[in-house]
file start12.tsv (TSV, N, CA and C atoms)
chain	number	residue	atom	x	y	z
A	1	MET	N	56.61	-20.83	-17.24
A	1	MET	CA	57.97	-21.29	-17.31
A	1	MET	C	58.86	-20.37	-16.49
A	2	GLY	N	59.90	-20.94	-15.91
A	2	GLY	CA	60.85	-20.16	-15.11
A	2	GLY	C	61.83	-19.41	-15.99
A	3	ARG	N	62.35	-18.36	-15.46
A	3	ARG	CA	63.36	-17.59	-16.20
A	3	ARG	C	64.70	-18.29	-16.11
A	4	LYS	N	65.41	-18.29	-17.19
A	4	LYS	CA	66.74	-18.87	-17.21
A	4	LYS	C	67.77	-17.75	-17.06
A	5	SER	N	68.75	-18.00	-16.22
A	5	SER	CA	69.81	-17.00	-16.10
A	5	SER	C	70.80	-17.21	-17.24
A	6	GLU	N	71.29	-16.11	-17.75
A	6	GLU	CA	72.23	-16.18	-18.86
A	6	GLU	C	73.63	-16.46	-18.32
A	7	PRO	N	74.43	-17.24	-19.06
A	7	PRO	CA	75.80	-17.50	-18.60
A	7	PRO	C	76.64	-16.24	-18.63
A	8	VAL	N	77.60	-16.20	-17.73
A	8	VAL	CA	78.49	-15.03	-17.65
A	8	VAL	C	79.44	-15.07	-18.84
A	9	ASP	N	79.44	-14.00	-19.63
A	9	ASP	CA	80.30	-13.93	-20.80
A	9	ASP	C	81.55	-13.10	-20.57
A	10	ASP	N	81.63	-12.42	-19.45
A	10	ASP	CA	82.77	-11.56	-19.20
A	10	ASP	C	84.01	-12.41	-18.94
A	11	LYS	N	84.98	-12.33	-19.85
A	11	LYS	CA	86.18	-13.15	-19.74
A	11	LYS	C	87.01	-12.80	-18.51
A	12	LYS	N	87.00	-11.54	-18.11
A	12	LYS	CA	87.77	-11.14	-16.94
A	12	LYS	C	87.23	-11.80	-15.67
A	13	ILE	N	85.92	-11.85	-15.54
A	13	ILE	CA	85.33	-12.47	-14.36
A	13	ILE	C	85.64	-13.95	-14.35
A	14	ARG	N	85.47	-14.62	-15.49
A	14	ARG	CA	85.77	-16.06	-15.55
A	14	ARG	C	87.25	-16.33	-15.32
A	15	HIS	N	88.11	-15.51	-15.93
A	15	HIS	CA	89.54	-15.70	-15.75
A	15	HIS	C	89.93	-15.47	-14.29
A	16	GLY	N	89.36	-14.44	-13.66
A	16	GLY	CA	89.65	-14.15	-12.25
A	16	GLY	C	89.19	-15.27	-11.34
A	17	LEU	N	88.01	-15.82	-11.62
A	17	LEU	CA	87.48	-16.93	-10.83
A	17	LEU	C	88.34	-18.17	-10.97
A	18	ILE	N	88.69	-18.50	-12.20
A	18	ILE	CA	89.54	-19.67	-12.45
A	18	ILE	C	90.91	-19.48	-11.80
A	19	THR	N	91.44	-18.28	-11.88
A	19	THR	CA	92.73	-17.99	-11.26
A	19	THR	C	92.66	-18.18	-9.75
A	20	ASP	N	91.61	-17.67	-9.11
A	20	ASP	CA	91.47	-17.82	-7.66
A	20	ASP	C	91.33	-19.29	-7.27
A	21	ILE	N	90.61	-20.06	-8.06
A	21	ILE	CA	90.45	-21.49	-7.79
A	21	ILE	C	91.80	-22.19	-7.92
A	22	TYR	N	92.54	-21.87	-8.97
A	22	TYR	CA	93.86	-22.47	-9.17
A	22	TYR	C	94.80	-22.11	-8.02
A	23	LEU	N	94.83	-20.83	-7.64
A	23	LEU	CA	95.72	-20.39	-6.56
A	23	LEU	C	95.35	-21.04	-5.23
A	24	ALA	N	94.05	-21.22	-4.98
A	24	ALA	CA	93.63	-21.89	-3.74
A	24	ALA	C	94.09	-23.35	-3.74
A	25	GLY	N	93.97	-24.02	-4.87
A	25	GLY	CA	94.44	-25.41	-4.95
A	25	GLY	C	95.94	-25.52	-4.81
A	26	LEU	N	96.66	-24.61	-5.46
A	26	LEU	CA	98.11	-24.59	-5.34
A	26	LEU	C	98.51	-24.33	-3.89
A	27	PHE	N	97.85	-23.39	-3.26
A	27	PHE	CA	98.16	-23.07	-1.86
A	27	PHE	C	97.82	-24.23	-0.94
A	28	ASP	N	96.72	-24.92	-1.18
A	28	ASP	CA	96.37	-26.10	-0.37
A	28	ASP	C	97.46	-27.15	-0.45
A	29	GLY	N	98.06	-27.32	-1.61
A	29	GLY	CA	99.07	-28.36	-1.77
A	29	GLY	C	100.47	-27.94	-1.39
A	30	GLU	N	100.85	-26.71	-1.71
A	30	GLU	CA	102.24	-26.28	-1.52
A	30	GLU	C	102.41	-25.16	-0.51
A	31	GLY	N	101.33	-24.60	0.00
A	31	GLY	CA	101.41	-23.41	0.83
A	31	GLY	C	101.53	-23.69	2.32
A	32	CYS	N	101.79	-22.61	3.04
A	32	CYS	CA	101.93	-22.66	4.48
A	32	CYS	C	101.28	-21.42	5.08
A	33	VAL	N	100.47	-21.61	6.12
A	33	VAL	CA	99.84	-20.50	6.83
A	33	VAL	C	100.47	-20.41	8.21
A	34	THR	N	100.95	-19.24	8.55
A	34	THR	CA	101.46	-19.00	9.90
A	34	THR	C	100.52	-18.01	10.56
A	35	TYR	N	99.88	-18.43	11.64
A	35	TYR	CA	98.96	-17.58	12.39
A	35	TYR	C	99.18	-17.87	13.87
A	36	LYS	N	100.05	-17.07	14.50
A	36	LYS	CA	100.31	-17.30	15.92
A	36	LYS	C	100.71	-16.00	16.61
A	37	ASN	N	100.52	-16.01	17.91
A	37	ASN	CA	100.85	-14.88	18.75
A	37	ASN	C	102.10	-15.25	19.54
A	38	VAL	N	103.18	-14.49	19.36
A	38	VAL	CA	104.45	-14.80	20.02
A	38	VAL	C	104.88	-13.61	20.87
A	39	MET	N	105.62	-13.90	21.92
A	39	MET	CA	106.20	-12.84	22.75
A	39	MET	C	107.49	-12.38	22.08
A	40	LYS	N	107.56	-11.09	21.80
A	40	LYS	CA	108.72	-10.55	21.08
A	40	LYS	C	109.24	-9.32	21.81
A	41	HIS	N	110.55	-9.29	21.99
A	41	HIS	CA	111.18	-8.13	22.62
A	41	HIS	C	111.49	-7.10	21.54
A	42	ARG	N	110.96	-5.92	21.72
A	42	ARG	CA	111.18	-4.84	20.76
A	42	ARG	C	112.29	-3.92	21.25
A	43	LYS	N	113.05	-3.42	20.31
A	43	LYS	CA	114.17	-2.54	20.63
A	43	LYS	C	113.68	-1.30	21.39
A	44	GLY	N	114.34	-1.01	22.49
A	44	GLY	CA	113.99	0.17	23.28
A	44	GLY	C	112.88	-0.07	24.28
A	45	LYS	N	112.30	-1.26	24.33
A	45	LYS	CA	111.23	-1.57	25.28
A	45	LYS	C	111.82	-2.42	26.41
A	46	PRO	N	111.31	-2.24	27.62
A	46	PRO	CA	111.89	-2.96	28.75
A	46	PRO	C	111.58	-4.46	28.80
A	47	ARG	N	110.48	-4.87	28.18
A	47	ARG	CA	110.12	-6.29	28.23
A	47	ARG	C	109.48	-6.74	26.92
A	48	ALA	N	109.24	-8.03	26.80
A	48	ALA	CA	108.62	-8.59	25.59
A	48	ALA	C	107.12	-8.35	25.61
A	49	TYR	N	106.56	-8.18	24.43
A	49	TYR	CA	105.12	-7.97	24.27
A	49	TYR	C	104.57	-8.98	23.27
A	50	PRO	N	103.27	-9.33	23.42
A	50	PRO	CA	102.69	-10.26	22.43
A	50	PRO	C	102.59	-9.60	21.05
A	51	THR	N	103.04	-10.32	20.05
A	51	THR	CA	103.06	-9.82	18.67
A	51	THR	C	102.47	-10.89	17.76
A	52	TRP	N	101.56	-10.48	16.89
A	52	TRP	CA	100.96	-11.43	15.95
A	52	TRP	C	101.90	-11.67	14.77
A	53	ASN	N	102.05	-12.93	14.42
A	53	ASN	CA	102.81	-13.34	13.25
A	53	ASN	C	101.82	-13.97	12.28
A	54	ILE	N	101.42	-13.22	11.26
A	54	ILE	CA	100.43	-13.68	10.28
A	54	ILE	C	101.10	-13.65	8.92
A	55	ARG	N	101.23	-14.84	8.30
A	55	ARG	CA	101.97	-14.92	7.05
A	55	ARG	C	101.44	-16.07	6.19
A	56	LEU	N	101.41	-15.84	4.87
A	56	LEU	CA	101.13	-16.89	3.89
A	56	LEU	C	102.39	-17.10	3.08
A	57	GLU	N	102.68	-18.36	2.73
A	57	GLU	CA	103.92	-18.66	2.02
A	57	GLU	C	103.71	-19.85	1.09
A	58	ILE	N	104.31	-19.78	-0.09
A	58	ILE	CA	104.38	-20.91	-1.01
A	58	ILE	C	105.83	-21.07	-1.41
A	59	ALA	N	106.36	-22.28	-1.26
A	59	ALA	CA	107.74	-22.57	-1.63
A	59	ALA	C	107.75	-23.66	-2.69
A	60	MET	N	108.45	-23.40	-3.79
A	60	MET	CA	108.52	-24.35	-4.90
A	60	MET	C	109.86	-24.21	-5.62
A	61	THR	N	110.16	-25.18	-6.46
A	61	THR	CA	111.37	-25.11	-7.27
A	61	THR	C	111.11	-24.46	-8.63
A	62	CYS	N	109.85	-24.26	-8.99
A	62	CYS	CA	109.50	-23.66	-10.29
A	62	CYS	C	109.32	-22.15	-10.14
A	63	GLU	N	110.24	-21.41	-10.70
A	63	GLU	CA	110.21	-19.95	-10.57
A	63	GLU	C	109.00	-19.34	-11.30
A	64	LYS	N	108.63	-19.91	-12.44
A	64	LYS	CA	107.51	-19.38	-13.22
A	64	LYS	C	106.20	-19.43	-12.43
A	65	THR	N	105.98	-20.51	-11.71
A	65	THR	CA	104.76	-20.65	-10.93
A	65	THR	C	104.73	-19.64	-9.78
A	66	ILE	N	105.85	-19.46	-9.12
A	66	ILE	CA	105.92	-18.49	-8.03
A	66	ILE	C	105.72	-17.06	-8.56
A	67	GLN	N	106.27	-16.77	-9.73
A	67	GLN	CA	106.07	-15.46	-10.35
A	67	GLN	C	104.60	-15.26	-10.71
A	68	TYR	N	103.93	-16.33	-11.16
A	68	TYR	CA	102.50	-16.27	-11.47
A	68	TYR	C	101.69	-15.92	-10.23
A	69	VAL	N	102.06	-16.50	-9.10
A	69	VAL	CA	101.38	-16.21	-7.83
A	69	VAL	C	101.54	-14.73	-7.48
A	70	LEU	N	102.76	-14.22	-7.57
A	70	LEU	CA	103.02	-12.81	-7.27
A	70	LEU	C	102.25	-11.89	-8.22
A	71	ASP	N	102.25	-12.22	-9.50
A	71	ASP	CA	101.56	-11.39	-10.49
A	71	ASP	C	100.06	-11.35	-10.27
A	72	ASN	N	99.48	-12.45	-9.82
A	72	ASN	CA	98.03	-12.49	-9.65
A	72	ASN	C	97.56	-11.94	-8.30
A	73	PHE	N	98.31	-12.16	-7.24
A	73	PHE	CA	97.94	-11.58	-5.95
A	73	PHE	C	98.33	-10.11	-5.86
A	74	LYS	N	99.32	-9.70	-6.62
A	74	LYS	CA	99.80	-8.31	-6.63
A	74	LYS	C	100.25	-7.83	-5.25
A	75	CYS	N	100.81	-8.74	-4.47
A	75	CYS	CA	101.38	-8.39	-3.18
A	75	CYS	C	102.37	-9.47	-2.77
A	76	GLY	N	103.16	-9.15	-1.79
A	76	GLY	CA	104.13	-10.12	-1.30
A	76	GLY	C	105.48	-9.96	-1.97
A	77	THR	N	106.38	-10.87	-1.65
A	77	THR	CA	107.73	-10.85	-2.20
A	77	THR	C	108.15	-12.26	-2.61
A	78	ILE	N	109.13	-12.32	-3.50
A	78	ILE	CA	109.72	-13.59	-3.89
A	78	ILE	C	111.16	-13.60	-3.41
A	79	ASN	N	111.54	-14.69	-2.76
A	79	ASN	CA	112.91	-14.87	-2.30
A	79	ASN	C	113.49	-16.12	-2.92
A	80	PHE	N	114.76	-16.07	-3.23
A	80	PHE	CA	115.48	-17.22	-3.78
A	80	PHE	C	116.30	-17.86	-2.67
A	81	ARG	N	116.20	-19.18	-2.56
A	81	ARG	CA	117.01	-19.91	-1.59
A	81	ARG	C	117.82	-20.95	-2.33
A	82	PRO	N	119.14	-20.79	-2.37
A	82	PRO	CA	119.96	-21.77	-3.09
A	82	PRO	C	119.92	-23.13	-2.40
A	83	LYS	N	120.17	-24.15	-3.17
A	83	LYS	CA	120.14	-25.51	-2.64
A	83	LYS	C	121.28	-25.73	-1.64
A	84	TYR	N	120.99	-26.56	-0.66
A	84	TYR	CA	122.03	-27.01	0.27
A	84	TYR	C	122.78	-28.17	-0.39
A	85	PRO	N	123.95	-28.53	0.12
A	85	PRO	CA	124.72	-29.61	-0.50
A	85	PRO	C	123.95	-30.94	-0.64
A	86	HIS	N	123.05	-31.22	0.30
A	86	HIS	CA	122.31	-32.47	0.23
A	86	HIS	C	121.06	-32.39	-0.65
A	87	GLN	N	120.76	-31.21	-1.22
A	87	GLN	CA	119.59	-31.03	-2.06
A	87	GLN	C	120.00	-30.97	-3.53
A	88	THR	N	119.00	-31.14	-4.40
A	88	THR	CA	119.29	-31.16	-5.84
A	88	THR	C	118.82	-29.92	-6.59
A	89	MET	N	117.90	-29.13	-5.99
A	89	MET	CA	117.35	-27.98	-6.71
A	89	MET	C	117.26	-26.75	-5.82
A	90	ASP	N	117.31	-25.58	-6.47
A	90	ASP	CA	117.10	-24.32	-5.76
A	90	ASP	C	115.61	-24.16	-5.46
A	91	GLN	N	115.30	-23.21	-4.57
A	91	GLN	CA	113.92	-23.02	-4.17
A	91	GLN	C	113.55	-21.54	-4.27
A	92	TYR	N	112.29	-21.28	-4.64
A	92	TYR	CA	111.75	-19.93	-4.71
A	92	TYR	C	110.58	-19.86	-3.74
A	93	ARG	N	110.49	-18.74	-3.01
A	93	ARG	CA	109.43	-18.59	-2.01
A	93	ARG	C	108.68	-17.30	-2.23
A	94	TRP	N	107.35	-17.41	-2.25
A	94	TRP	CA	106.49	-16.24	-2.25
A	94	TRP	C	105.94	-16.10	-0.85
A	95	ARG	N	106.00	-14.89	-0.30
A	95	ARG	CA	105.49	-14.63	1.04
A	95	ARG	C	104.72	-13.32	1.06
A	96	CYS	N	103.67	-13.31	1.87
A	96	CYS	CA	102.99	-12.06	2.18
A	96	CYS	C	102.55	-12.13	3.64
A	97	SER	N	102.36	-10.98	4.25
A	97	SER	CA	102.01	-10.97	5.66
A	97	SER	C	100.98	-9.90	5.98
A	98	HIS	N	100.39	-10.01	7.14
A	98	HIS	CA	99.45	-9.08	7.74
A	98	HIS	C	98.28	-8.73	6.81
A	99	ARG	N	98.09	-7.47	6.46
A	99	ARG	CA	96.92	-7.08	5.65
A	99	ARG	C	96.97	-7.67	4.24
A	100	ASP	N	98.16	-7.83	3.69
A	100	ASP	CA	98.28	-8.49	2.39
A	100	ASP	C	97.82	-9.94	2.49
A	101	ALA	N	98.17	-10.59	3.59
A	101	ALA	CA	97.73	-11.97	3.81
A	101	ALA	C	96.21	-12.04	3.95
A	102	LEU	N	95.63	-11.03	4.54
A	102	LEU	CA	94.17	-10.97	4.66
A	102	LEU	C	93.51	-10.93	3.28
A	103	GLN	N	94.01	-10.08	2.39
A	103	GLN	CA	93.43	-9.98	1.05
A	103	GLN	C	93.56	-11.30	0.28
A	104	CYS	N	94.71	-11.93	0.38
A	104	CYS	CA	94.92	-13.22	-0.30
A	104	CYS	C	94.03	-14.30	0.31
A	105	ALA	N	93.92	-14.30	1.63
A	105	ALA	CA	93.08	-15.29	2.31
A	105	ALA	C	91.62	-15.15	1.89
A	106	LYS	N	91.14	-13.92	1.76
A	106	LYS	CA	89.76	-13.70	1.33
A	106	LYS	C	89.51	-14.24	-0.07
A	107	ARG	N	90.50	-14.10	-0.96
A	107	ARG	CA	90.33	-14.60	-2.33
A	107	ARG	C	90.32	-16.12	-2.38
A	108	MET	N	91.14	-16.76	-1.55
A	108	MET	CA	91.27	-18.22	-1.61
A	108	MET	C	90.25	-18.96	-0.75
A	109	LEU	N	89.71	-18.30	0.26
A	109	LEU	CA	88.84	-18.96	1.24
A	109	LEU	C	87.67	-19.76	0.64
A	110	PRO	N	86.93	-19.21	-0.32
A	110	PRO	CA	85.78	-19.98	-0.83
A	110	PRO	C	86.16	-21.29	-1.54
A	111	TYR	N	87.40	-21.39	-2.01
A	111	TYR	CA	87.81	-22.54	-2.81
A	111	TYR	C	88.80	-23.45	-2.09
A	112	SER	N	89.24	-23.06	-0.93
A	112	SER	CA	90.24	-23.83	-0.19
A	112	SER	C	89.57	-25.01	0.52
A	113	ILE	N	90.30	-26.11	0.65
A	113	ILE	CA	89.80	-27.28	1.36
A	113	ILE	C	90.72	-27.59	2.54
A	114	THR	N	91.99	-27.83	2.27
A	114	THR	CA	92.94	-28.26	3.28
A	114	THR	C	93.25	-27.16	4.29
A	115	LYS	N	93.45	-25.96	3.84
A	115	LYS	CA	93.87	-24.88	4.72
A	115	LYS	C	92.74	-23.88	5.01
A	116	LYS	N	91.52	-24.31	4.82
A	116	LYS	CA	90.37	-23.44	5.01
A	116	LYS	C	90.27	-22.89	6.44
A	117	ASP	N	90.51	-23.75	7.45
A	117	ASP	CA	90.39	-23.31	8.84
A	117	ASP	C	91.39	-22.21	9.18
A	118	LYS	N	92.63	-22.36	8.73
A	118	LYS	CA	93.65	-21.36	9.01
A	118	LYS	C	93.35	-20.04	8.28
A	119	LEU	N	92.88	-20.14	7.04
A	119	LEU	CA	92.54	-18.92	6.29
A	119	LEU	C	91.36	-18.20	6.96
A	120	GLU	N	90.39	-18.97	7.45
A	120	GLU	CA	89.26	-18.38	8.17
A	120	GLU	C	89.72	-17.66	9.43
A	121	SER	N	90.70	-18.23	10.12
A	121	SER	CA	91.19	-17.59	11.35
A	121	SER	C	91.84	-16.24	11.04
A	122	ILE	N	92.51	-16.12	9.91
A	122	ILE	CA	93.10	-14.83	9.52
A	122	ILE	C	92.00	-13.81	9.24
A	123	VAL	N	90.98	-14.22	8.49
A	123	VAL	CA	89.89	-13.30	8.15
A	123	VAL	C	89.16	-12.87	9.42
A	124	LYS	N	88.86	-13.81	10.32
A	124	LYS	CA	88.18	-13.46	11.57
A	124	LYS	C	89.03	-12.55	12.44
A	125	HIS	N	90.34	-12.77	12.47
A	125	HIS	CA	91.24	-11.93	13.26
A	125	HIS	C	91.10	-10.46	12.86
A	126	TYR	N	91.09	-10.19	11.57
A	126	TYR	CA	91.01	-8.80	11.12
A	126	TYR	C	89.59	-8.26	11.18
A	127	GLU	N	88.57	-9.11	11.06
A	127	GLU	CA	87.19	-8.63	11.21
A	127	GLU	C	86.95	-8.14	12.63
A	128	ILE	N	87.47	-8.89	13.61
A	128	ILE	CA	87.32	-8.49	15.01
A	128	ILE	C	88.12	-7.21	15.27
A	129	LYS	N	89.31	-7.14	14.72
A	129	LYS	CA	90.18	-5.97	14.92
A	129	LYS	C	89.58	-4.72	14.29
A	130	ASP	N	88.93	-4.86	13.13
A	130	ASP	CA	88.40	-3.71	12.42
A	130	ASP	C	87.04	-3.26	12.94
A	131	SER	N	86.36	-4.10	13.70
A	131	SER	CA	85.02	-3.70	14.17
A	131	SER	C	85.05	-2.97	15.49
call {"tool": "encode", "arguments": {"input": "start12.tsv", "output": "structure tokens"}}
result
Amino acid sequence: MGRKSEPVDDKKIRHGLITDIYLAGLFDGEGCVTYKNVMKHRKGKPRAYPTWNIRLEIAMTCEKTIQYVLDNFKCGTINFRPKYPHQTMDQYRWRCSHRDALQCAKRMLPYSITKKDKLESIVKHYEIKDS
């Protein structure tokens, strides 16, 4: 007879896995990945230079959900954007960039569907840079 593997009983591992799956689904539906190289003029430099803009963002009207994202990723910032006259609700935005975005992308990548390609491009960008 074959050996049976025992189910994982560690609540922290299960909770962390479920949290990562939830955050990946939330990000697939409400998130935005910015991964582009732009020419940017820096102060004191004679000309513009290519600069990477790498950012993850989730914008929602529910402050509790955005706070949950910040608490679980443990990086990034939350910004409040008041409603415009033609809108009905205020908006909250969670954002992280560069190396923080890499850590978040690594956590969400195995469970992401819609934004998987963009998250992979962030991970590959830093793997090439670090090697």
call {"tool": "atom_distance", "arguments": {"input": "start12.tsv", "atom1": "atom N of Met39 (chain A)", "atom2": "atom N of His125 (chain A)"}}
result
18.0 Å
call {"tool": "closest_residue", "arguments": {"input": "start12.tsv", "among": "A:Gly44, A:Asp117, A:Ile58, A:Leu26", "to": "Arg93 (chain A)", "atoms": "only N, CA and C atoms"}}
result
A:Ile58
call {"tool": "residues_around", "arguments": {"input": "start12.tsv", "residues": "region 33-38 of chain A", "least_positions_apart": "4", "cutoff": "8 Å", "atoms": "only C-alpha atoms", "output": "PyMOL selection string"}}
result
chain A and resi 50-57+115+118-119+121-122
call {"tool": "write_last_selection", "arguments": {"input": "start12.tsv", "atoms": "N, CA and C atoms", "output": "compact mmCIF listing (two decimals), keeping the file's coordinate frame"}}
result
# COMPACT_ATOMS: atom_id res chain seq x y z
N PRO A 50 103.27 -9.33 23.42
CA PRO A 50 102.69 -10.26 22.43
C PRO A 50 102.59 -9.60 21.05
N THR A 51 103.04 -10.32 20.05
CA THR A 51 103.06 -9.82 18.67
C THR A 51 102.47 -10.89 17.76
N TRP A 52 101.56 -10.48 16.89
CA TRP A 52 100.96 -11.43 15.95
C TRP A 52 101.90 -11.67 14.77
N ASN A 53 102.05 -12.93 14.42
CA ASN A 53 102.81 -13.34 13.25
C ASN A 53 101.82 -13.97 12.28
N ILE A 54 101.42 -13.22 11.26
CA ILE A 54 100.43 -13.68 10.28
C ILE A 54 101.10 -13.65 8.92
N ARG A 55 101.23 -14.84 8.30
CA ARG A 55 101.97 -14.92 7.05
C ARG A 55 101.44 -16.07 6.19
N LEU A 56 101.41 -15.84 4.87
CA LEU A 56 101.13 -16.89 3.89
C LEU A 56 102.39 -17.10 3.08
N GLU A 57 102.68 -18.36 2.73
CA GLU A 57 103.92 -18.66 2.02
C GLU A 57 103.71 -19.85 1.09
N LYS A 115 93.45 -25.96 3.84
CA LYS A 115 93.87 -24.88 4.72
C LYS A 115 92.74 -23.88 5.01
N LYS A 118 92.63 -22.36 8.73
CA LYS A 118 93.65 -21.36 9.01
C LYS A 118 93.35 -20.04 8.28
N LEU A 119 92.88 -20.14 7.04
CA LEU A 119 92.54 -18.92 6.29
C LEU A 119 91.36 -18.20 6.96
N SER A 121 90.70 -18.23 10.12
CA SER A 121 91.19 -17.59 11.35
C SER A 121 91.84 -16.24 11.04
N ILE A 122 92.51 -16.12 9.91
CA ILE A 122 93.10 -14.83 9.52
C ILE A 122 92.00 -13.81 9.24
call {"tool": "closest_residue", "arguments": {"input": "start12.tsv", "among": "A:Lys116, A:Lys45, A:Lys106, A:Arg95", "to": "Leu70 (chain A)", "atoms": "all atoms listed in the file"}}
result
A:Arg95
call {"tool": "select_by_dssp", "arguments": {"input": "start12.tsv", "residues": "region 39-74 of chain A", "states": "helix (DSSP H, G or I)", "output": "PDB file with N, CA and C atoms, keeping the file's coordinate frame"}}
result
ATOM      1  N   GLU A  63     110.240 -21.410 -10.700  1.00  0.00           N
ATOM      2  CA  GLU A  63     110.210 -19.950 -10.570  1.00  0.00           C
ATOM      3  C   GLU A  63     109.000 -19.340 -11.300  1.00  0.00           C
ATOM      4  N   LYS A  64     108.630 -19.910 -12.440  1.00  0.00           N
ATOM      5  CA  LYS A  64     107.510 -19.380 -13.220  1.00  0.00           C
ATOM      6  C   LYS A  64     106.200 -19.430 -12.430  1.00  0.00           C
ATOM      7  N   THR A  65     105.980 -20.510 -11.710  1.00  0.00           N
ATOM      8  CA  THR A  65     104.760 -20.650 -10.930  1.00  0.00           C
ATOM      9  C   THR A  65     104.730 -19.640  -9.780  1.00  0.00           C
ATOM     10  N   ILE A  66     105.850 -19.460  -9.120  1.00  0.00           N
ATOM     11  CA  ILE A  66     105.920 -18.490  -8.030  1.00  0.00           C
ATOM     12  C   ILE A  66     105.720 -17.060  -8.560  1.00  0.00           C
ATOM     13  N   GLN A  67     106.270 -16.770  -9.730  1.00  0.00           N
ATOM     14  CA  GLN A  67     106.070 -15.460 -10.350  1.00  0.00           C
ATOM     15  C   GLN A  67     104.600 -15.260 -10.710  1.00  0.00           C
ATOM     16  N   TYR A  68     103.930 -16.330 -11.160  1.00  0.00           N
ATOM     17  CA  TYR A  68     102.500 -16.270 -11.470  1.00  0.00           C
ATOM     18  C   TYR A  68     101.690 -15.920 -10.230  1.00  0.00           C
ATOM     19  N   VAL A  69     102.060 -16.500  -9.100  1.00  0.00           N
ATOM     20  CA  VAL A  69     101.380 -16.210  -7.830  1.00  0.00           C
ATOM     21  C   VAL A  69     101.540 -14.730  -7.480  1.00  0.00           C
ATOM     22  N   LEU A  70     102.760 -14.220  -7.570  1.00  0.00           N
ATOM     23  CA  LEU A  70     103.020 -12.810  -7.270  1.00  0.00           C
ATOM     24  C   LEU A  70     102.250 -11.890  -8.220  1.00  0.00           C
ATOM     25  N   ASP A  71     102.250 -12.220  -9.500  1.00  0.00           N
ATOM     26  CA  ASP A  71     101.560 -11.390 -10.490  1.00  0.00           C
ATOM     27  C   ASP A  71     100.060 -11.350 -10.270  1.00  0.00           C
ATOM     28  N   ASN A  72      99.480 -12.450  -9.820  1.00  0.00           N
ATOM     29  CA  ASN A  72      98.030 -12.490  -9.650  1.00  0.00           C
ATOM     30  C   ASN A  72      97.560 -11.940  -8.300  1.00  0.00           C
ATOM     31  N   PHE A  73      98.310 -12.160  -7.240  1.00  0.00           N
ATOM     32  CA  PHE A  73      97.940 -11.580  -5.950  1.00  0.00           C
ATOM     33  C   PHE A  73      98.330 -10.110  -5.860  1.00  0.00           C
TER      34      PHE A  73
END
call {"tool": "select_by_dssp", "arguments": {"input": "start12.tsv", "residues": "chain A", "states": "strand (DSSP E or B)", "output": "count of residues only"}}
result
36
call {"tool": "atom_distance", "arguments": {"input": "start12.tsv", "atom1": "atom C of Gly31 (chain A)", "atom2": "CA of Asp130 (chain A)"}}
result
26.0 Å
call {"tool": "closest_residue", "arguments": {"input": "start12.tsv", "among": "A:Gly76, A:Arg42, A:Asp20, A:Tyr92", "to": "Cys62 (chain A)", "atoms": "all atoms listed in the file"}}
result
A:Tyr92
call {"tool": "atom_distance", "arguments": {"input": "start12.tsv", "atom1": "atom N of Gly25 (chain A)", "atom2": "atom C of Val123 (chain A)"}}
result
18.8 Å
call {"tool": "closest_residue", "arguments": {"input": "start12.tsv", "among": "A:Cys104, A:His86, A:Gly16, A:Trp94", "to": "Lys64 (chain A)", "atoms": "only C-alpha atoms"}}
result
A:Trp94
call {"tool": "residues_around", "arguments": {"input": "start12.tsv", "residues": "Thr61 (chain A)", "least_positions_apart": "2", "cutoff": "5 Å", "atoms": "all atoms listed in the file", "output": "list in words"}}
result
Ala59, Glu63, Asp90, Gln91 and Tyr92 of chain A
